[in-house]
Each structure stands twice: as structure tokens, then as C-alpha cells.
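Dumped query-v4.tsv below, it's TSV, C-alpha atoms:
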chain	number	residue	atom	x	y	z
A	1	MET	CA	-0.74	15.45	32.16
A	2	ALA	CA	-1.85	12.15	30.65
A	3	HIS	CA	-5.42	12.64	29.51
A	4	SER	CA	-7.25	9.38	28.95
A	5	THR	CA	-10.76	8.19	28.23
A	6	VAL	CA	-12.12	5.46	30.48
A	7	LEU	CA	-14.95	3.10	29.57
A	8	ALA	CA	-16.14	1.90	32.97
A	9	TYR	CA	-18.66	-0.86	33.61
A	10	ASP	CA	-21.49	-0.10	36.01
A	11	PRO	CA	-22.66	-3.51	37.31
A	12	THR	CA	-25.78	-2.07	38.93
A	13	ARG	CA	-27.06	-0.64	35.64
A	14	GLY	CA	-25.33	-3.09	33.33
A	15	ILE	CA	-23.88	-0.40	31.05
A	16	TRP	CA	-20.47	1.02	30.11
A	17	GLN	CA	-19.99	4.72	30.76
A	18	PRO	CA	-17.17	6.98	29.49
A	19	ARG	CA	-15.28	9.48	31.61
A	20	ASN	CA	-11.98	11.36	31.44
A	21	VAL	CA	-9.07	10.64	33.77
A	22	ASP	CA	-5.61	12.18	34.13
A	23	LEU	CA	-3.40	9.13	34.64
A	24	LEU	CA	-0.62	11.32	36.11
A	25	GLY	CA	-2.93	13.14	38.48
A	26	ALA	CA	-2.87	12.84	42.24
A	27	ASN	CA	-4.69	9.91	43.84
A	28	VAL	CA	-5.85	8.30	40.59
A	29	ILE	CA	-8.67	5.86	41.23
A	30	LEU	CA	-9.66	3.51	38.44
A	31	ASP	CA	-12.94	1.68	38.17
A	32	PRO	CA	-12.75	-2.03	39.02
A	33	ILE	CA	-13.88	-3.03	35.53
A	34	CYS	CA	-12.80	-0.67	32.78
A	35	TYR	CA	-10.92	0.04	29.58
A	36	ILE	CA	-8.45	2.95	29.73
A	37	PHE	CA	-7.51	4.60	26.43
A	38	LEU	CA	-4.39	6.77	26.33
A	39	GLU	CA	-4.49	7.58	22.63
A	40	SER	CA	-1.55	10.01	22.46
A	41	GLY	CA	0.92	7.25	21.66
A	42	ASP	CA	3.55	9.59	20.22
A	43	TRP	CA	3.60	11.57	23.47
A	44	TYR	CA	3.88	8.40	25.57
A	45	ASN	CA	6.67	6.86	23.47
A	46	ASN	CA	8.77	9.93	22.63
A	47	HIS	CA	7.99	12.77	25.02
A	48	CYS	CA	6.86	11.21	28.27
A	49	PRO	CA	9.73	10.69	30.77
A	50	GLU	CA	10.39	7.11	31.80
A	51	ILE	CA	9.40	7.83	35.41
A	52	ASP	CA	5.99	9.06	34.24
A	53	ARG	CA	5.56	6.06	31.97
A	54	TYR	CA	6.16	3.86	35.00
A	55	ARG	CA	3.62	5.82	37.05
A	56	ILE	CA	1.02	5.10	34.37
A	57	LEU	CA	1.88	1.40	34.11
A	58	GLN	CA	2.00	1.03	37.88
A	59	LEU	CA	-1.73	1.65	37.99
A	60	LEU	CA	-2.13	-1.88	36.59
A	61	GLN	CA	0.88	-3.32	38.47
A	62	VAL	CA	2.83	-3.82	35.26
A	63	PRO	CA	6.58	-4.54	35.66
A	64	ARG	CA	8.77	-1.45	35.68
A	65	PHE	CA	11.07	-2.58	32.84
A	66	LEU	CA	8.22	-2.07	30.34
A	67	ALA	CA	8.53	1.68	30.89
A	68	GLY	CA	12.06	1.60	29.44
A	69	ARG	CA	12.97	2.99	26.06
A	70	THR	CA	13.63	-0.45	24.62
A	71	TYR	CA	10.04	-1.57	25.07
A	72	THR	CA	8.56	1.59	23.56
A	73	SER	CA	10.57	0.95	20.36
A	74	LEU	CA	9.98	-2.75	19.75
A	75	ASN	CA	7.79	-3.91	16.88
A	76	GLY	CA	5.87	-6.23	19.19
A	77	TYR	CA	6.04	-8.49	22.24
A	78	PHE	CA	3.95	-10.52	24.67
A	79	GLY	CA	4.46	-11.29	28.33
A	80	CYS	CA	2.48	-12.10	31.45
A	81	ARG	CA	2.76	-12.64	35.20
A	82	SER	CA	0.48	-15.02	37.08
A	83	SER	CA	-0.48	-15.14	40.74
A	84	ILE	CA	-1.44	-18.47	42.31
A	85	GLU	CA	-3.82	-18.78	45.23
A	86	ALA	CA	-1.97	-19.72	48.41
A	87	GLY	CA	-2.49	-23.26	49.61
A	88	SER	CA	-4.14	-24.32	46.37
A	89	SER	CA	-3.00	-26.74	43.74
A	90	GLY	CA	-2.11	-24.08	41.19
A	91	ILE	CA	-5.42	-22.17	41.15
A	92	LEU	CA	-5.02	-18.87	39.30
A	93	LYS	CA	-6.11	-15.85	41.33
A	94	GLY	CA	-4.52	-13.02	39.34
A	95	LEU	CA	-3.00	-12.34	35.94
A	96	THR	CA	-1.20	-9.37	34.40
A	97	THR	CA	-0.45	-9.37	30.68
A	98	TRP	CA	1.28	-6.97	28.34
A	99	PHE	CA	1.62	-7.03	24.58
A	100	ARG	CA	2.28	-4.65	21.72
A	101	ILE	CA	0.87	-4.53	18.18
A	102	LEU	CA	1.89	-2.00	15.51
A	103	THR	CA	0.20	-0.93	12.31
A	104	LYS	CA	0.97	1.68	9.65
A	105	LYS	CA	-1.69	3.79	7.95
A	106	ILE	CA	-1.19	5.26	4.48
A	107	LEU	CA	-3.02	8.58	4.47
A	108	GLU	CA	-5.49	9.74	1.86
A	109	ALA	CA	-5.01	13.22	0.39
A	110	GLU	CA	-7.65	14.80	2.63
A	111	GLU	CA	-6.20	13.10	5.73
A	112	GLU	CA	-2.74	14.62	5.24
A	113	LEU	CA	-4.16	18.01	6.20
A	114	ALA	CA	-5.00	16.66	9.65
A	115	TYR	CA	-2.04	14.37	10.27
A	116	GLY	CA	0.78	16.10	8.39
A	117	ALA	CA	2.58	15.83	5.08
A	118	ASN	CA	4.45	12.56	5.71
A	119	GLY	CA	1.78	10.58	3.91
A	120	TYR	CA	1.54	7.99	6.70
A	121	ILE	CA	1.20	7.58	10.46
A	122	TRP	CA	2.20	4.80	12.83
A	123	HIS	CA	-0.14	3.38	15.47
A	124	GLU	CA	2.15	1.80	18.06
A	125	MET	CA	-0.42	0.14	20.28
A	126	GLY	CA	0.45	-1.20	23.72
A	127	PHE	CA	-2.02	-3.23	25.80
A	128	PHE	CA	-1.72	-3.94	29.51
A	129	THR	CA	-4.26	-5.97	31.45
A	130	GLN	CA	-4.82	-6.63	35.14
A	131	TRP	CA	-7.23	-9.34	36.28
A	132	SER	CA	-8.02	-10.59	39.77
A	133	GLY	CA	-11.33	-12.34	39.33
A	134	MET	CA	-14.80	-11.11	38.53
A	135	SER	CA	-14.41	-8.11	40.83
A	136	SER	CA	-11.47	-6.48	39.03
A	137	ALA	CA	-10.51	-6.47	35.35
A	138	ARG	CA	-8.78	-3.54	33.69
A	139	VAL	CA	-7.23	-3.00	30.26
A	140	LEU	CA	-4.92	-0.07	29.50
A	141	CYS	CA	-4.67	0.73	25.77
A	142	ILE	CA	-1.85	3.08	24.73
A	143	GLY	CA	-1.49	4.51	21.23
A	144	THR	CA	-4.72	3.13	19.79
A	145	PRO	CA	-6.54	5.27	17.20
A	146	PRO	CA	-9.83	6.84	18.34
A	147	SER	CA	-11.75	4.54	16.00
A	148	VAL	CA	-10.86	1.54	18.19
A	149	ARG	CA	-12.37	3.17	21.27
A	150	ILE	CA	-15.46	4.40	19.42
A	151	GLN	CA	-16.21	1.04	17.79
A	152	LEU	CA	-15.54	-0.83	21.04
A	153	ALA	CA	-17.99	1.44	22.88
A	154	ASP	CA	-20.65	0.61	20.28
A	155	VAL	CA	-20.01	-3.12	20.67
A	156	LEU	CA	-20.19	-2.93	24.47
A	157	ALA	CA	-23.40	-0.91	24.26
A	158	ARG	CA	-25.02	-3.78	22.33
A	159	SER	CA	-23.45	-6.59	24.40
A	160	PRO	CA	-22.39	-5.12	27.76
A	161	SER	CA	-21.84	-8.33	29.72
A	162	LEU	CA	-18.53	-10.21	29.67
A	163	GLU	CA	-17.49	-13.49	31.27
A	164	LEU	CA	-15.04	-11.94	33.72
A	165	ARG	CA	-14.10	-15.31	35.18
A	166	ASP	CA	-11.98	-15.57	32.02
A	167	PRO	CA	-8.81	-13.45	32.53
A	168	LEU	CA	-8.75	-12.56	28.82
A	169	ALA	CA	-12.46	-11.92	28.35
A	170	MET	CA	-12.03	-8.16	27.93
A	171	LEU	CA	-9.47	-8.67	25.17
A	172	TYR	CA	-11.70	-10.51	22.69
A	173	PRO	CA	-13.88	-7.51	21.63
A	174	LEU	CA	-10.84	-5.23	21.81
A	175	LEU	CA	-8.84	-7.46	19.47
A	176	ASP	CA	-11.73	-7.41	17.01
A	177	GLU	CA	-11.34	-3.63	16.66
A	178	VAL	CA	-7.54	-3.85	16.44
A	179	ILE	CA	-7.86	-6.43	13.66
A	180	THR	CA	-10.34	-4.15	11.88
A	181	GLU	CA	-7.79	-1.31	12.02
A	182	CYS	CA	-5.03	-3.58	10.67
A	183	ASP	CA	-7.35	-4.78	7.91
A	184	ASP	CA	-8.15	-1.21	6.85
A	185	ASN	CA	-4.46	-0.28	6.75
A	186	THR	CA	-3.58	-3.39	4.74
A	187	TRP	CA	-6.26	-2.58	2.18
A	188	ARG	CA	-5.13	1.04	1.96
A	189	VAL	CA	-1.68	0.03	0.74
A	190	THR	CA	-3.18	-2.65	-1.50
A	191	ARG	CA	-5.34	-0.02	-3.21
A	192	GLU	CA	-2.27	2.15	-3.80
A	193	VAL	CA	-0.53	-0.76	-5.52
A	194	ARG	CA	-3.63	-1.33	-7.64
A	195	LYS	CA	-3.54	2.29	-8.78
A	196	ILE	CA	0.03	1.77	-9.98
A	197	GLU	CA	-0.97	-1.43	-11.81
A	198	LYS	CA	-3.74	0.43	-13.63
A	199	ALA	CA	-1.43	3.30	-14.64
A	200	ARG	CA	1.32	1.25	-16.28
A	201	HIS	CA	1.13	3.31	-19.46
A	202	GLU	CA	2.30	6.38	-17.54
A	203	LYS	CA	5.93	7.14	-16.83
A	204	PRO	CA	6.86	5.40	-13.55
A	205	THR	CA	8.01	7.52	-10.62
A	206	PHE	CA	10.62	5.45	-8.87
A	207	GLU	CA	10.53	7.56	-5.70
A	208	VAL	CA	6.83	6.80	-5.30
A	209	LEU	CA	7.43	3.10	-5.97
A	210	ASN	CA	10.27	2.96	-3.47
A	211	ASN	CA	8.28	4.72	-0.73
A	212	LEU	CA	5.30	2.44	-1.26
A	213	ALA	CA	7.56	-0.62	-1.16
A	214	ARG	CA	8.91	0.59	2.19
A	215	HIS	CA	5.37	0.94	3.58
A	216	VAL	CA	4.40	-2.53	2.40
A	217	ARG	CA	7.48	-4.13	3.95
A	218	HIS	CA	6.74	-2.41	7.25
A	219	ILE	CA	3.18	-3.75	7.24
A	220	VAL	CA	4.40	-7.28	6.48
A	221	GLU	CA	6.90	-6.99	9.33
A	222	VAL	CA	4.49	-5.79	12.02
A	223	GLU	CA	1.71	-8.18	10.99
A	224	SER	CA	4.16	-11.08	11.15
A	225	VAL	CA	5.02	-10.06	14.71
A	226	ALA	CA	1.29	-9.63	15.49
A	227	VAL	CA	0.75	-13.25	14.43
A	228	GLU	CA	3.42	-14.37	16.90
A	229	THR	CA	1.85	-12.19	19.61
A	230	LEU	CA	-1.61	-13.74	19.18
A	231	GLN	CA	-0.07	-17.22	19.14
A	232	CYS	CA	1.46	-16.49	22.55
A	233	LEU	CA	-1.87	-15.11	23.72
A	234	ALA	CA	-3.70	-18.25	22.58
A	235	TYR	CA	-1.16	-20.43	24.39
A	236	GLN	CA	-1.62	-18.40	27.57
A	237	GLN	CA	-5.40	-18.72	27.24
A	238	GLN	CA	-5.12	-22.52	27.22
A	239	LYS	CA	-2.92	-22.44	30.31
A	240	ASN	CA	-5.38	-20.13	32.07
A	241	PHE	CA	-8.30	-22.53	31.61
A	242	THR	CA	-6.30	-25.35	33.21
A	243	ARG	CA	-5.56	-23.17	36.27
A	244	LEU	CA	-9.00	-21.66	36.84
A	245	PRO	CA	-11.62	-23.12	39.18
A	246	GLY	CA	-14.09	-25.45	37.53
A	247	ASN	CA	-16.93	-22.95	37.66
A	248	ILE	CA	-16.49	-21.74	34.05
A	249	PRO	CA	-18.77	-23.68	31.69
A	250	GLU	CA	-16.85	-26.00	29.39
A	251	THR	CA	-18.82	-24.71	26.41
A	252	TYR	CA	-17.58	-21.18	27.10
A	253	GLN	CA	-13.97	-22.37	27.35
A	254	ILE	CA	-14.18	-24.21	24.04
A	255	GLN	CA	-15.85	-21.29	22.27
A	256	ALA	CA	-13.37	-18.78	23.73
A	257	GLU	CA	-10.44	-20.86	22.43
A	258	GLU	CA	-12.12	-21.23	19.06
A	259	TYR	CA	-12.75	-17.49	18.79
A	260	LEU	CA	-9.18	-16.52	19.65
A	261	THR	CA	-7.97	-19.09	17.11
A	262	PHE	CA	-10.28	-17.44	14.57
A	263	GLN	CA	-8.83	-14.01	15.37
A	264	LEU	CA	-5.34	-15.44	14.94
A	265	GLN	CA	-6.33	-16.82	11.55
A	266	ILE	CA	-7.58	-13.41	10.45
A	267	ILE	CA	-4.24	-11.81	11.33
A	268	LYS	CA	-2.48	-14.55	9.37
A	269	SER	CA	-4.72	-13.81	6.39
A	270	LEU	CA	-3.90	-10.10	6.62
A	271	ARG	CA	-0.20	-10.94	6.66
A	272	ARG	CA	-0.57	-13.09	3.55
A	273	ARG	CA	-2.41	-10.27	1.79
A	274	ALA	CA	0.36	-7.86	2.73
A	275	GLN	CA	2.97	-10.32	1.46
A	276	ALA	CA	1.07	-10.76	-1.81
A	277	THR	CA	0.83	-6.97	-2.14
A	278	SER	CA	4.57	-6.71	-1.61
A	279	GLU	CA	5.19	-9.29	-4.34
A	280	ARG	CA	2.84	-7.46	-6.71
A	281	LEU	CA	4.65	-4.20	-6.05
A	282	ASP	CA	8.02	-5.86	-6.67
A	283	GLY	CA	6.66	-7.00	-10.01
A	284	GLU	CA	5.60	-3.45	-10.87
A	285	ILE	CA	9.04	-2.12	-9.94
A	286	HIS	CA	10.74	-4.72	-12.14
A	287	LEU	CA	8.33	-3.92	-14.95
A	288	ALA	CA	9.06	-0.20	-14.60
A	289	TYR	CA	12.80	-0.87	-14.89
A	290	ASN	CA	12.21	-3.10	-17.91
A	291	ILE	CA	10.09	-0.42	-19.58
A	292	LEU	CA	12.82	2.13	-18.92
A	293	ALA	CA	15.46	-0.22	-20.32
A	294	SER	CA	13.29	-0.90	-23.37
A	295	THR	CA	12.95	2.85	-23.92
A	296	ASP	CA	16.72	3.20	-23.77
A	297	ASN	CA	17.07	0.38	-26.31
A	298	GLN	CA	14.68	2.15	-28.67
A	299	ILE	CA	16.74	5.31	-28.38
A	300	MET	CA	19.94	3.40	-29.12
A	301	LYS	CA	18.31	1.77	-32.13
A	302	SER	CA	17.29	5.20	-33.42
A	303	VAL	CA	20.85	6.46	-33.05
A	304	ALA	CA	22.17	3.37	-34.86
A	305	LEU	CA	19.65	3.85	-37.69
A	306	LEU	CA	20.65	7.48	-38.16
A	307	THR	CA	24.30	6.42	-38.23
A	308	MET	CA	23.59	3.81	-40.92
A	309	ILE	CA	21.69	6.34	-43.01
A	310	PHE	CA	24.51	8.89	-43.05
A	311	LEU	CA	27.43	6.41	-43.09
A	312	PRO	CA	27.54	5.80	-46.90
A	313	SER	CA	27.44	9.49	-47.73
A	314	THR	CA	30.07	10.19	-45.06
A	315	PHE	CA	32.31	7.49	-46.48
A	316	ILE	CA	31.98	8.78	-50.06
A	317	ALA	CA	32.60	12.38	-49.01
A	318	THR	CA	35.66	11.37	-47.01
A	319	LEU	CA	37.01	9.21	-49.83
A	320	PHE	CA	36.63	11.88	-52.49
A	321	SER	CA	38.27	14.45	-50.26
A	322	THR	CA	41.53	12.50	-50.21
A	323	THR	CA	44.49	13.28	-52.51
A	324	PHE	CA	43.71	10.18	-54.56
A	325	PHE	CA	41.24	12.32	-56.49
A	326	SER	CA	41.59	15.74	-57.96
A	327	PHE	CA	39.19	18.00	-59.77
A	328	ALA	CA	40.88	20.29	-62.25
A	329	GLU	CA	39.71	22.39	-65.13
A	330	ASP	CA	40.52	19.61	-67.58
A	331	GLY	CA	38.38	17.05	-65.69
A	332	TRP	CA	38.33	14.57	-62.84
A	333	LEU	CA	41.61	12.71	-62.26
A	334	ALA	CA	42.34	9.66	-60.10
A	335	SER	CA	45.77	8.85	-58.69
A	336	ASN	CA	47.66	5.84	-59.98
A	337	ALA	CA	48.42	4.92	-56.35
A	338	PHE	CA	44.73	4.47	-55.42
A	339	TRP	CA	45.37	0.74	-55.02
A	340	ILE	CA	47.28	1.50	-51.80
A	341	TYR	CA	43.99	2.54	-50.18
A	342	TRP	CA	42.44	-0.87	-50.79
A	343	VAL	CA	45.57	-2.74	-49.76
A	344	VAL	CA	45.36	-1.08	-46.37
A	345	VAL	CA	41.57	-0.93	-45.86
A	346	ILE	CA	40.64	-4.50	-46.78
A	347	PRO	CA	43.09	-6.34	-44.45
A	348	LEU	CA	42.40	-3.87	-41.66
A	349	THR	CA	38.64	-4.42	-41.97
A	350	ILE	CA	39.08	-8.18	-41.95
A	351	ALA	CA	41.30	-7.92	-38.86
A	352	VAL	CA	38.75	-5.78	-37.01
A	353	VAL	CA	35.93	-8.23	-37.82
A	354	LEU	CA	38.04	-11.20	-36.67
A	355	VAL	CA	38.95	-9.47	-33.38
A	356	TRP	CA	35.30	-8.60	-32.80
A	357	ARG	CA	34.21	-12.21	-33.41
A	358	PHE	CA	36.93	-13.51	-31.12
A	359	TRP	CA	36.00	-11.07	-28.37
A	360	LEU	CA	32.29	-11.98	-28.69
A	361	GLY	CA	33.04	-15.69	-28.43
A	362	ALA	CA	35.38	-15.15	-25.49
A	363	SER	CA	32.80	-13.11	-23.63
A	364	LYS	CA	30.22	-15.88	-24.08
A	365	SER	CA	32.73	-18.41	-22.75
A	366	ILE	CA	33.44	-16.22	-19.75
A	367	ARG	CA	29.72	-15.81	-19.03
A	368	SER	CA	29.12	-19.57	-19.26
A	369	LYS	CA	32.01	-20.21	-16.88
A	370	LEU	CA	30.63	-17.68	-14.41
A	371	LEU	CA	27.18	-19.30	-14.59
A	372	ARG	CA	28.65	-22.75	-13.94
A	373	THR	CA	30.61	-21.37	-11.01
A	374	SER	CA	27.53	-19.75	-9.46
A	375	LYS	CA	25.62	-23.03	-9.68
How does the structure come out when it is put into C-alpha cells?
Amino acid sequence: MAHSTVLAYDPTRGIWQPRNVDLLGANVILDPICYIFLESGDWYNNHCPEIDRYRILQLLQVPRFLAGRTYTSLNGYFGCRSSIEAGSSGILKGLTTWFRILTKKILEAEEELAYGANGYIWHEMGFFTQWSGMSSARVLCIGTPPSVRIQLADVLARSPSLELRDPLAMLYPLLDEVITECDDNTWRVTREVRKIEKARHEKPTFEVLNNLARHVRHIVEVESVAVETLQCLAYQQQKNFTRLPGNIPETYQIQAEEYLTFQLQIIKSLRRRAQATSERLDGEIHLAYNILASTDNQIMKSVALLTMIFLPSTFIATLFSTTFFSFAEDGWLASNAFWIYWVVVIPLTIAVVLVWRFWLGASKSIRSKLLRTSK
């Protein structure tokens, strides 16, 4: 069973009414003007057989290939299929569109109890529209969170009428709610990065940093694809207005284009915020590594200081324990051959220092050559 919630428009009363529909039931009849929300996106993408996915999409006359596994795994796409009125000079009589937008939500502690212990959930949202004039306009939304449906119902309750002569008219309020969901998810990950920035004095947990970096990169990826999707949608909108009859007011066409451009700009802004968040997180990761390296340097300095403190006493103890010195009852005696010690030690020390200086200079030369080669 494919339980869905339908927001259907009643033209006689001028209101949108919800009802439940099983999209895999027998003799499914959809309202002429409606939104269909199939919110169990994980079931549709991973557990629903391809033949059943096609049965659902066929309700809106969507091409069969979109039911394939490839198209339930992509990070986004846009496509459409137009129908031209016979005997006309390119007048648009029908339009089917399909597009996909993804977003990733970082869960709060209290939300993990409801959604699981992964710490995040994906919303893989697919949208499929069917338009054939003012008499029929349907939008199928798969994998959207319940908040999109609830907020859209509130918007439609306040402004129930839509200009259905525009094939994309039902998408504008829907995209507003999708953008709101993407905005919330972008800010969630931004707040997590801010928490890390404010806790720099604490010992960094690199597993947490790495997981958060993965989430941020995913959000940048899917919002970049969402920008491309809305650009394709805006281009299709412009083509639609050139193919529609001249009964749509020019003011409406201009304002519709301006509003979709505005929605596109918002998505671009969200992408830039996500990119800036990713750069900030990279800076925190680099800082954490530098702090760890600095801590290691302090430890090495402590070891070197302890060595320097005990080195003189170690040297004296070792020297006096040699056979050059003896302690007898008649006093402390030094060997006449003690000069041999200095003959050996002094040249050997000079040789070690010279080798060390030569090796240090050679290593600098090698590094400079490598730098020149890389340039």
C-alpha cells in the first residue's frame, strides 16, 4: 500500500481539503486540481518494487524510466514533456515535469529518539507535475517531510486561488516550503560548526569534526544541484509563456518570472552559506591539528629540558666510573693516560657537529630544489 495525503481544490467552495488515498489501490481517482504527498520516501526509493513505482508515476503520465533505480538514487535532475495543440502554431496544451531536490537534516538530541541514532536523515524529494489547462493540474510530491505539507496547507488556506493557466503555478508556493526546509537544514549544520568554534579550548574530537565535514559537503553538493534544477525550471517557465495563449495577463507573467528568479536566488544564497560553513569547518579542523601538533612540540621540549638537566650529572658519573680514576684508601688517583680520552672525544665531537651542519644544509638545499620543482 502507498498511503498518501491529498490536498484537493474544491472550485465550488474555493477551499483546499485534505483526504487520504492509497496510490496502489484499485481504480485510483485523483482530483483534477490537487497536491499528492507520498511522504514515505525511504519506502518508495528502497523498498517499493519498480513496477509499483511506475504504477504511482503513471497516475500523472510520467515516463516509465523515472521509476528505475538510477533515478531514485540521483542527487537531482529536471525534465519535462510538452504537448502541443493540433493544428496550432505551437500552442501549449499540456505539460508534464519532473525534478528532484535533496536535503540533509542534522538531528537534535531529542529528535534522534524519533528518527534513530544516525544523527541525521535524508529527505530525497521528488516532484512530478501534470498540467492540461485550468481544468487539470496535479503535483505529486514524494519524500517530502510532513512540515512541507502542513505549511503548504496553511498557505493555501490563506490564499486558495492559483493562476492555473500557468503550467507551473502550483509549484511556486510548494517551492517556498522546500526552500524553507533547505534553509532550516543549512542553519542546523551552521550552528553545529559555531558550537565547535566556541569550544576551541576543549580537546578536539576528530571523529566529530570529520562527520560534520561530511554532512556539510553533502549539503553543498545537493544545494548546488538544486540551483541547477531551478535554473532549468526558470528556463522552462520562459518557454511556457511564449507557447501559451495570450489570455494570461502580461503583469502576471512578469511577476511569475521575477518570483521564480527570486526563489532561485535564495537557493544560491543557501549554497553560499553552506560553502562558507564548509570553509569555516575546514579552518577548525586545521586549527585542531595545529593545536595537537603544538601540544606534541611542548611535550618534546619538556623531554629535551629533562635531558639537558640530567646530562651533566650523567656525564660526570660516567667519566668518574672509568678506569682513568681510582679511589683507594690512600686517596683519589688519576691515570697518566687520561689524555687519551680527550684526544678521542674532542675530534669525534667536532666531526659529529660538522656532519650535522652538513646534513642540515643539504636538507635545506633539497627542500629548496623540491619547492622550485613544484612551482
To one decimal place in Å, what is the distance between CA of Val222 in chain A and CA of Thr103 in chain A?
6.5 Å
Using Å and a single decimal, report how far CA of Ile266 in chain A sits from CA of Ser159 in chain A.
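Taking CA of Ser159 in chain A as the start and CA of Ile266 in chain A as the end point, the length is 22.2 Å.
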CA of Gln236 in chain A and CA of Ile15 in chain A, how far apart in Å?
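CA of Gln236 in chain A lies at a distance of 28.8 Å from CA of Ile15 in chain A.
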Per residue of range 58-104 of chain A within 12 Å of range 33-51 of chain A, what are the shortest atom pair and its distance in Å to one decimal, counting all atoms listed in the file, with rows by chain and residue number, as a tab-separated table?
residue	atom	partner	partner_atom	distance
A:Gln58	CA	A:Ile51	CA	10.3
A:Leu59	CA	A:Ile36	CA	10.7
A:Leu60	CA	A:Ile36	CA	10.5
A:Arg64	CA	A:Ile51	CA	9.3
A:Phe65	CA	A:Glu50	CA	9.8
A:Leu66	CA	A:Glu50	CA	9.5
A:Ala67	CA	A:Glu50	CA	5.8
A:Gly68	CA	A:Glu50	CA	6.2
A:Arg69	CA	A:Glu50	CA	7.5
A:Thr70	CA	A:Asn45	CA	10.2
A:Tyr71	CA	A:Asn45	CA	9.2
A:Thr72	CA	A:Asn45	CA	5.6
A:Ser73	CA	A:Asn45	CA	7.7
A:Leu74	CA	A:Asn45	CA	10.8
A:Arg100	CA	A:Gly41	CA	12.0
A:Leu102	CA	A:Gly41	CA	11.2
Counting all atoms listed in the file, note down every residue that has an atom within 6 Å of the point (-5.2, -16.1, 41.5) (file coordinates), as a list in words.
Ser83, Ile84, Glu85, Leu92, Lys93 and Gly94 of chain A
Need to verify the contact set: Thr190 in chain A, 9 Å, only C-alpha atoms, exclusion of same-chain residues closer than 3 positions in sequence. Can you return it as an MDAnalysis selection string?
chainID A and resid 185:187 193:195 216 273:274 277:278
Distance query Met1 in chain A at most 10 Å, all atoms listed in the file, self and fewer than 4 positions along chain excluded, as a list in words
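Counting only the stated atoms, we get Val21, Asp22, Leu23, Leu24, Gly25, Cys48 and Asp52 of chain A.
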Produce a file of the selected residues containing C-alpha atoms, as an mmCIF file, in the frame of the given file.
data_model
loop_
_atom_site.group_PDB
_atom_site.id
_atom_site.type_symbol
_atom_site.label_atom_id
_atom_site.label_comp_id
_atom_site.auth_asym_id
_atom_site.auth_seq_id
_atom_site.Cartn_x
_atom_site.Cartn_y
_atom_site.Cartn_z
ATOM 1 C CA VAL A 21 -9.070 10.640 33.770
ATOM 2 C CA ASP A 22 -5.610 12.180 34.130
ATOM 3 C CA LEU A 23 -3.400 9.130 34.640
ATOM 4 C CA LEU A 24 -0.620 11.320 36.110
ATOM 5 C CA GLY A 25 -2.930 13.140 38.480
ATOM 6 C CA CYS A 48 6.860 11.210 28.270
ATOM 7 C CA ASP A 52 5.990 9.060 34.240
#
Pick from A:Lys301, A:Val353, A:Glu197, A:Leu311: nearest to Gly283 in chain A, with all atoms listed in the file counted?
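Going through A:Lys301, A:Val353, A:Glu197, A:Leu311 one by one, the smallest distance to Gly283 in chain A is for A:Glu197.
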Measuring atom to atom with only C-alpha atoms, identify which of A:Lys268, A:Arg158, A:His3, A:Arg149 is nearest to Ser224 in chain A.
A:Lys268
Nearest to Glu124 in chain A by atom-to-atom distance, counting only C-alpha atoms, from A:Arg214, A:Lys105, A:Arg19, A:Arg357
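Comparing A:Arg214, A:Lys105, A:Arg19, A:Arg357 against Glu124 in chain A, the winner is A:Lys105.
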Contact residues around Ser269 in chain A with all atoms listed in the file at 12 Å, ignoring same-chain residues under 4 positions, as number ranges by chain:
A: 179, 182-183, 186, 220, 223-224, 226-227, 262-265, 273-276
Using all atoms listed in the file, which of the listed residues (A:Ile267, A:Ile346, A:Leu319, A:Ala157) sits closest to Ala334 in chain A?
A:Leu319
Got a sec: who's within 12 Å of range 321-325 of chain A, counting only C-alpha atoms, leaving out chain neighbours fewer than 4 positions off, as a PyMOL selection string?
chain A and resi 314-317+331-342
From the set A:Ser136, A:Asn27, A:Tyr120, A:Leu212, which residue has the shortest atom-to-atom contact distance to Arg191 in chain A, counting all atoms listed in the file?
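Between A:Ser136, A:Asn27, A:Tyr120, A:Leu212, the residue approaching Arg191 in chain A most closely is A:Leu212.
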